[in-house]
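Here's the structure we're looking at; comments come further down.
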Amino acid sequence: MADRAVGDRQAAGESEWTIEQFADETGMSVRNIRSYRSRGLLPAPVVRSGVGYYGEEHVARIRRIVELQAQGLKLTEIERLFAGRGPSSEQLVELTGVIFAPFETDFPEVLSRDELIGRLGAVKERDIAKAQKLGLLVAVGDQMFEAPSPGLLRVVEEVVKRGVPLTTALSVIEKVRRNCEETSKTFVQLFVDEVWKPFDEAGQPTDRWHEVTDSIERLRILASEVLLALFKQTMEAEVERAFGEIVEEQSTRGRRPER
């Protein structure tokens with residue numbers, strides 16, 4: 001029966017591979033394929049004369065696994081998905097796609113150390129280390145660095161050109177980053193507590209999945225709008241306070257009698 005089924009499939013133009021051939025076809029290692037089988041991520045191969053053969057359905061499953069991993073799922077989560085527990089694959093893919101989608105299309109830029117010096121002036125080793133710690137730069141090779149956010153690097157470049165030492169500019173970014181991390185945690189926790197937990201406690205009703213996904217998708221946009229609006233208010237007040245004092249000092253100095 002197995003030989004007849006295999007013959008039918010070959011007649012229909014379907015491909016079959018041994019595990020080694022299947023590894024070459026999918027770009028996976030034999031070890032990974034066996035691991036996926038043992039975890040239930042791959043269906044069992046068709047066995048003929050003691051040899052296991054993999055077909056198109058196995059290729060499709062590998063592609064699905066790679067797709068889900070690209071969406072941010074771990075293998076344990078993919079296992080639960082294939083086992084039929086939890087939300088459907090479409091809902092889960094949609095949710096993870098929203099969660100791991102880039103905030104904006106700011107493509108990374110690769111620069112040499114000489115290019116960094118040309119843009120930022122004298123760059124000390126401790127500055128490079130601080131920039132890497134802050135995620136401003138990532139080492140990608142011998143004296144080569146990637147800027148994950150070229151926009152942020154341009155801001156640093158502009159600040160340095162206006163006379164602020166690079167070390168000082170990086171220290172300011174570090175402080176702002178800490179504040180942003182705290183603000184981000186506050187907004188994320190708000191949605192977890194008020195949107196996700198009630199949805200989860202209600203049994204994750206199918207008709208509300210889109211509502212939850214849409215709320216998470218809007219999270220970063222709404223948080224950015226609130227943060228920008230509040231920053232404008234506080235920045236305006238701080239500028240008026242600080243430079244108002246400077247203007248007052250200059251006015252007072254101008255009124256001093258000559259000696």
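Residue numbering restarts at 1 for every chain of the structure tokens, chains are lettered A, B, ... in their displayed order, and ligands are numbered from 1 as they appear.
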
Check stretch 4-244 of chain A with DSSP on the backbone and list each residue it calls strand (DSSP E), as an NGL selection string. :A and (46-48 or 51-53 or 109-112 or 138-141 or 144-147)

Excluding A:Ala147 and its own-chain neighbours fewer than 5 positions away, which residues fall within 6 Å of it when counting only C-alpha atoms? Please give them as a list in words. Pro108, Glu109, Leu136 and Leu137 of chain A

Excluding A:His58 and residues on its chain fewer than 5 positions from it, collect all residues at most 12 Å away from it, counting only C-alpha atoms, and give them as a list in words.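 Selected residues are Glu14, Ser15, Glu16, Trp17, Thr18, Ile19, Phe22, Ala23, Glu25, Thr26, Ile33, Tyr36, Arg37, Leu41, Leu42, Pro43, Ala44, Pro45, Val46, Tyr53, Arg63, Arg64 and Ile65 of chain A.
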
Serialized selection, C-alpha atoms, as a PDB file, in the first residue's frame:
```pdb
ATOM      1  CA  GLU A  14       5.044  15.308  -6.156  1.00  0.00           C
ATOM      2  CA  SER A  15       8.602  15.187  -4.842  1.00  0.00           C
ATOM      3  CA  GLU A  16      10.022  12.929  -2.153  1.00  0.00           C
ATOM      4  CA  TRP A  17      13.291  13.187  -0.261  1.00  0.00           C
ATOM      5  CA  THR A  18      15.287  11.189   2.209  1.00  0.00           C
ATOM      6  CA  ILE A  19      16.120  13.089   5.369  1.00  0.00           C
ATOM      7  CA  PHE A  22      15.113  17.024   2.627  1.00  0.00           C
ATOM      8  CA  ALA A  23      17.713  18.896   4.688  1.00  0.00           C
ATOM      9  CA  GLU A  25      15.954  21.104   0.015  1.00  0.00           C
ATOM     10  CA  THR A  26      14.868  23.160   3.037  1.00  0.00           C
ATOM     11  CA  ILE A  33      14.727  18.047  11.307  1.00  0.00           C
ATOM     12  CA  TYR A  36      11.345  19.012  14.976  1.00  0.00           C
ATOM     13  CA  ARG A  37      10.018  15.480  14.478  1.00  0.00           C
ATOM     14  CA  LEU A  41       6.500  19.985  14.783  1.00  0.00           C
ATOM     15  CA  LEU A  42       6.855  17.784  11.688  1.00  0.00           C
ATOM     16  CA  PRO A  43       4.575  14.928  10.625  1.00  0.00           C
ATOM     17  CA  ALA A  44       6.191  11.507  10.472  1.00  0.00           C
ATOM     18  CA  PRO A  45       7.785  10.680   7.113  1.00  0.00           C
ATOM     19  CA  VAL A  46       6.411   7.961   4.861  1.00  0.00           C
ATOM     20  CA  TYR A  53      10.671   9.887   2.877  1.00  0.00           C
ATOM     21  CA  ARG A  63       8.088  27.077   5.752  1.00  0.00           C
ATOM     22  CA  ARG A  64       5.269  27.621   8.231  1.00  0.00           C
ATOM     23  CA  ILE A  65       7.628  27.151  11.175  1.00  0.00           C
TER      24      ILE A  65
END
```

Contacts of A:Leu73 at 9 Å (only C-alpha atoms; same-chain gap of 4+ positions) as a PyMOL selection string: chain A and resi 68-69+77-78+93+96

Expected file contents, prior selection, N, CA and C atoms, as a compact mmCIF listing (two decimals), in the first residue's frame:
```txt
# COMPACT_ATOMS: atom_id res chain seq x y z
N LEU A 68 6.47 31.56 11.28
CA LEU A 68 6.05 31.87 12.64
C LEU A 68 7.22 32.34 13.50
N GLN A 69 8.40 31.75 13.30
CA GLN A 69 9.58 32.22 14.02
C GLN A 69 9.92 33.65 13.63
N GLU A 77 5.92 27.77 21.64
CA GLU A 77 4.64 28.37 21.27
C GLU A 77 4.13 27.77 19.96
N ILE A 78 5.04 27.49 19.04
CA ILE A 78 4.65 26.88 17.78
C ILE A 78 4.15 25.45 18.02
N VAL A 93 -0.70 34.63 14.29
CA VAL A 93 0.21 35.28 13.36
C VAL A 93 -0.09 36.77 13.27
N THR A 96 1.15 38.42 16.64
CA THR A 96 2.61 38.53 16.72
C THR A 96 3.14 39.48 15.66
```

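Across A:Val164, A:Leu134, A:Gly40, A:Glu217, the tightest approach to A:Glu181 is made by A:Leu134 when counting only C-alpha atoms.
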
Rounded to one decimal place, report the atom CA of A:Leu152-atom CA of A:Glu238 distance in Å. 22.8 Å

I want to know what sits within 9 Å of stretch 115-121 of chain A, based on only C-alpha atoms, with residues of the same chain fewer than 2 positions away left out; could you give that as a CSV table (one decimal) with N, CA and C atoms, in the first residue's frame?
```
chain,number,residue,atom,x,y,z
A,111,LEU,N,28.4,52.0,9.0
A,111,LEU,CA,29.5,53.1,8.9
A,111,LEU,C,30.8,52.5,9.3
A,112,SER,N,31.9,53.0,8.7
A,112,SER,CA,33.2,52.6,9.2
A,112,SER,C,33.6,53.6,10.4
A,113,ARG,N,34.6,53.2,11.1
A,113,ARG,CA,35.1,54.1,12.2
A,113,ARG,C,35.5,55.5,11.6
A,123,VAL,N,36.3,60.5,18.2
A,123,VAL,CA,35.5,59.4,18.9
A,123,VAL,C,36.4,58.6,19.7
A,145,PHE,N,30.5,49.5,12.0
A,145,PHE,CA,29.4,49.6,12.9
A,145,PHE,C,28.1,49.9,12.2
A,154,ARG,N,21.8,60.9,13.5
A,154,ARG,CA,21.8,62.3,12.9
A,154,ARG,C,21.5,63.4,14.0
A,156,VAL,N,22.4,63.1,17.1
A,156,VAL,CA,23.7,63.2,17.9
A,156,VAL,C,24.7,64.0,17.1
A,157,GLU,N,24.7,63.8,15.8
A,157,GLU,CA,25.7,64.5,14.9
A,157,GLU,C,25.3,66.0,14.9
A,158,GLU,N,24.1,66.4,14.9
A,158,GLU,CA,23.7,67.8,14.9
A,158,GLU,C,24.0,68.4,16.2
A,160,VAL,N,26.4,67.6,18.3
A,160,VAL,CA,27.8,67.7,18.4
A,160,VAL,C,28.3,68.9,17.6
A,161,LYS,N,27.7,69.1,16.4
A,161,LYS,CA,28.1,70.2,15.5
A,161,LYS,C,27.8,71.5,16.2
A,166,LEU,N,30.6,65.0,22.5
A,166,LEU,CA,30.0,63.7,22.2
A,166,LEU,C,29.7,62.9,23.5
```

Those of stretch 14-171 of chain A in DSSP helix (DSSP H, G or I), formatted as a PyMOL selection string: chain A and resi 19-26+30-38+56-70+75-82+89-100+113-120+125-133+150-161+166-171
